[in-house]
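Structure below is entry_15.tsv: TSV, C-alpha atoms.
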```
chain	number	residue	atom	x	y	z
O	11	MET	CA	4.58	-30.09	7.62
O	12	ARG	CA	1.36	-31.84	6.65
O	13	SER	CA	1.08	-33.45	3.23
O	14	THR	CA	-1.77	-32.10	1.11
O	15	ASP	CA	-1.30	-34.41	-1.86
O	16	GLY	CA	-4.58	-36.24	-1.18
O	17	LEU	CA	-6.52	-32.99	-0.86
O	18	ASP	CA	-4.90	-31.57	-3.99
O	19	SER	CA	-5.78	-34.70	-5.95
O	20	ALA	CA	-9.38	-34.55	-4.75
O	21	LEU	CA	-9.66	-30.88	-5.77
O	22	LEU	CA	-8.18	-31.59	-9.21
O	23	ALA	CA	-10.63	-34.48	-9.66
O	24	ARG	CA	-13.58	-32.28	-8.68
O	25	LEU	CA	-12.43	-29.52	-11.04
O	26	GLY	CA	-12.04	-32.03	-13.86
O	27	GLN	CA	-15.54	-33.40	-13.25
O	28	ARG	CA	-17.03	-29.91	-13.33
O	29	LEU	CA	-15.23	-29.08	-16.57
O	30	ALA	CA	-16.44	-32.34	-18.13
O	31	ARG	CA	-20.04	-31.65	-17.04
O	32	GLU	CA	-19.89	-28.14	-18.49
O	33	ARG	CA	-18.47	-29.46	-21.74
O	34	VAL	CA	-21.29	-31.99	-22.01
O	35	ARG	CA	-23.87	-29.35	-21.02
O	36	GLN	CA	-22.64	-27.23	-23.92
O	37	ASN	CA	-22.91	-30.31	-26.16
O	38	LEU	CA	-19.21	-30.30	-27.05
O	39	THR	CA	-17.06	-33.33	-27.67
O	40	GLN	CA	-13.59	-33.51	-26.17
O	41	ALA	CA	-12.11	-33.17	-29.65
O	42	THR	CA	-14.16	-30.06	-30.42
O	43	LEU	CA	-13.42	-28.34	-27.11
O	44	ALA	CA	-9.72	-29.21	-27.33
O	45	SER	CA	-9.57	-27.77	-30.83
O	46	GLU	CA	-11.40	-24.58	-29.82
O	47	ALA	CA	-9.13	-24.18	-26.78
O	48	GLY	CA	-5.94	-24.85	-28.72
O	49	VAL	CA	-4.89	-27.82	-26.59
O	50	SER	CA	-4.55	-31.49	-27.42
O	51	ARG	CA	-7.36	-33.91	-26.74
O	52	ALA	CA	-5.02	-35.83	-24.42
O	53	THR	CA	-4.47	-32.65	-22.38
O	54	LEU	CA	-8.21	-32.13	-22.03
O	55	GLN	CA	-8.64	-35.78	-21.03
O	56	ARG	CA	-5.94	-35.40	-18.36
O	57	LEU	CA	-7.60	-32.25	-17.04
O	58	GLU	CA	-11.06	-33.83	-16.93
O	59	SER	CA	-9.71	-36.94	-15.18
O	60	GLY	CA	-8.10	-34.81	-12.45
O	61	ASP	CA	-4.50	-35.19	-13.52
O	62	SER	CA	-2.14	-32.27	-13.23
O	63	THR	CA	-1.55	-30.08	-16.26
O	64	GLN	CA	-0.17	-26.64	-16.97
O	65	LEU	CA	-2.21	-23.72	-15.72
O	66	VAL	CA	-2.29	-22.16	-19.18
O	67	ASN	CA	-4.24	-25.21	-20.40
O	68	LEU	CA	-6.92	-24.62	-17.76
O	69	ILE	CA	-7.14	-20.97	-18.81
O	70	ARG	CA	-7.54	-21.97	-22.46
O	71	ILE	CA	-10.28	-24.48	-21.61
O	72	LEU	CA	-12.12	-21.97	-19.43
O	73	ARG	CA	-11.94	-19.38	-22.21
O	74	ALA	CA	-13.31	-21.83	-24.77
O	75	LEU	CA	-16.17	-22.73	-22.40
O	76	GLY	CA	-16.95	-19.04	-21.77
O	77	LEU	CA	-16.02	-19.34	-18.10
O	78	LEU	CA	-12.85	-17.26	-17.93
O	79	GLU	CA	-14.50	-14.42	-16.00
O	80	ASN	CA	-15.07	-16.86	-13.13
O	81	LEU	CA	-11.37	-16.66	-12.28
O	82	ASP	CA	-12.03	-13.27	-10.65
O	83	ALA	CA	-14.05	-15.07	-7.98
O	84	LEU	CA	-11.17	-17.47	-7.39
O	85	VAL	CA	-8.65	-14.73	-6.55
O	86	PRO	CA	-10.43	-11.39	-6.14
O	87	ALA	CA	-8.50	-8.15	-6.47
O	88	PRO	CA	-7.42	-6.85	-3.07
O	89	ALA	CA	-9.27	-3.86	-1.73
O	90	THR	CA	-7.22	-0.74	-1.21
O	91	SER	CA	-6.93	0.64	2.29
O	92	PRO	CA	-7.80	4.25	3.15
O	93	LEU	CA	-4.10	4.92	3.70
O	94	GLU	CA	-3.25	3.67	0.21
O	95	ASN	CA	-6.01	5.83	-1.26
O	96	ALA	CA	-4.68	8.89	0.54
O	97	ALA	CA	-1.12	8.21	-0.59
O	98	ARG	CA	-2.26	7.74	-4.19
O	99	GLU	CA	-4.22	10.99	-4.22
O	100	GLY	CA	-1.35	12.89	-2.65
O	101	ARG	CA	-1.77	15.94	-0.54
O	102	ARG	CA	-4.48	18.15	-1.88
O	103	ARG	CA	-4.00	21.87	-1.81
O	104	GLN	CA	-6.31	23.60	0.62
O	105	ARG	CA	-7.47	27.11	-0.12
O	106	ALA	CA	-8.42	29.85	2.23
O	107	SER	CA	-11.91	31.24	1.96
O	108	PRO	CA	-12.58	32.70	-1.47
O	109	ALA	CA	-11.59	36.28	-2.16
O	110	PRO	CA	-14.54	38.67	-2.20
O	111	SER	CA	-15.65	39.81	-5.60
O	112	ASP	CA	-15.08	43.39	-6.67
O	113	ALA	CA	-18.76	44.16	-6.21
O	114	ALA	CA	-18.69	42.84	-2.65
O	115	ALA	CA	-15.57	44.89	-1.89
O	116	ASP	CA	-17.22	48.02	-3.28
O	117	ALA	CA	-20.29	47.39	-1.15
O	118	THR	CA	-18.26	47.14	2.06
O	119	ALA	CA	-16.57	50.45	1.29
O	120	GLY	CA	-19.90	52.18	0.79
O	121	GLY	CA	-19.76	51.89	-2.98
O	122	LYS	CA	-16.49	53.84	-3.16
O	123	PRO	CA	-13.16	52.37	-4.21
O	124	TRP	CA	-10.84	51.59	-1.36
O	125	THR	CA	-7.95	53.97	-0.66
O	126	TRP	CA	-5.08	54.10	1.78
O	127	GLY	CA	-6.60	56.97	3.60
O	128	GLU	CA	-3.89	59.39	2.58
O	129	ASP	CA	-6.09	60.94	-0.07
O	130	ARG	CA	-8.47	62.57	2.42
```
Show how you would write the structure in this file as structure tokens.
Amino acid sequence: MRSTDGLDSALLARLGQRLARERVRQNLTQATLASEAGVSRATLQRLESGDSTQLVNLIRILRALGLLENLDALVPAPATSPLENAAREGRRRQRASPAPSDAAADATAGGKPWTWGEDR
């Protein structure tokens, strides 16, 4: 099994840098963003420096920066397959051709009501 610690650390560092740049772009201090996000300033500093922190802290920071909707791009919802769609809809009832209206039935009988033929 290959160790990914170096790659993970690099990704955390890049994420932290991006968060710090966005914070600065929005003209927020670490103290202000931490307060708005409901995390400590030390937690925000750890996140921005690429250190590991709880996932909930990242979510709080993203929400405070107005970036929470970007998580959908990170892990998009899976598309449903045609088989799943069919199973969800269930078997639909199929109908035979529609019954003729009374007027159409009268017209086929020459305008007279239908009888069994015993009345002749």
Subject >> Residues within 10 Å of region 75-81 of chain O, all atoms listed in the file, excluding chain neighbours under 4 positions, as an MDAnalysis selection string >> reply: chainID O and resid 29 32:33 36 38 43 46:47 68:71 85:86
Subject >> Atom pair CA of Asp18 (chain O) / CA of Arg31 (chain O): separation (Å) >> reply: 20.0 Å
Original post:
If you count only C-alpha atoms, which residues fall within 12 Å of Leu21 (chain O), apart from same-chain ones fewer than 2 positions away, as a PyMOL selection string?
Top reply: chain O and resi 14-19+23-28+57-62
Subject >> Non-local contacts of Ala44 (chain O) (7 Å; all atoms listed in the file; under 6 positions in same chain excluded) as a PyMOL selection string >> reply: chain O and resi 50-51+54
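Counting from CA of Pro88 (chain O), the distance to CA of Leu65 (chain O) is 21.7 Å.
You will find CA of Asn67 (chain O) at 20.1 Å from CA of Arg35 (chain O).
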Quick one: what's the axis-aligned box for region 13-23 of chain O, all listed atoms, 5 Å on every side, centre and edges in Å to one decimal, as lines of an AutoDock Vina configuration file?
```
center_x = -4.8
center_y = -33.6
center_z = -3.2
size_x = 21.7
size_y = 15.4
size_z = 22.9
```
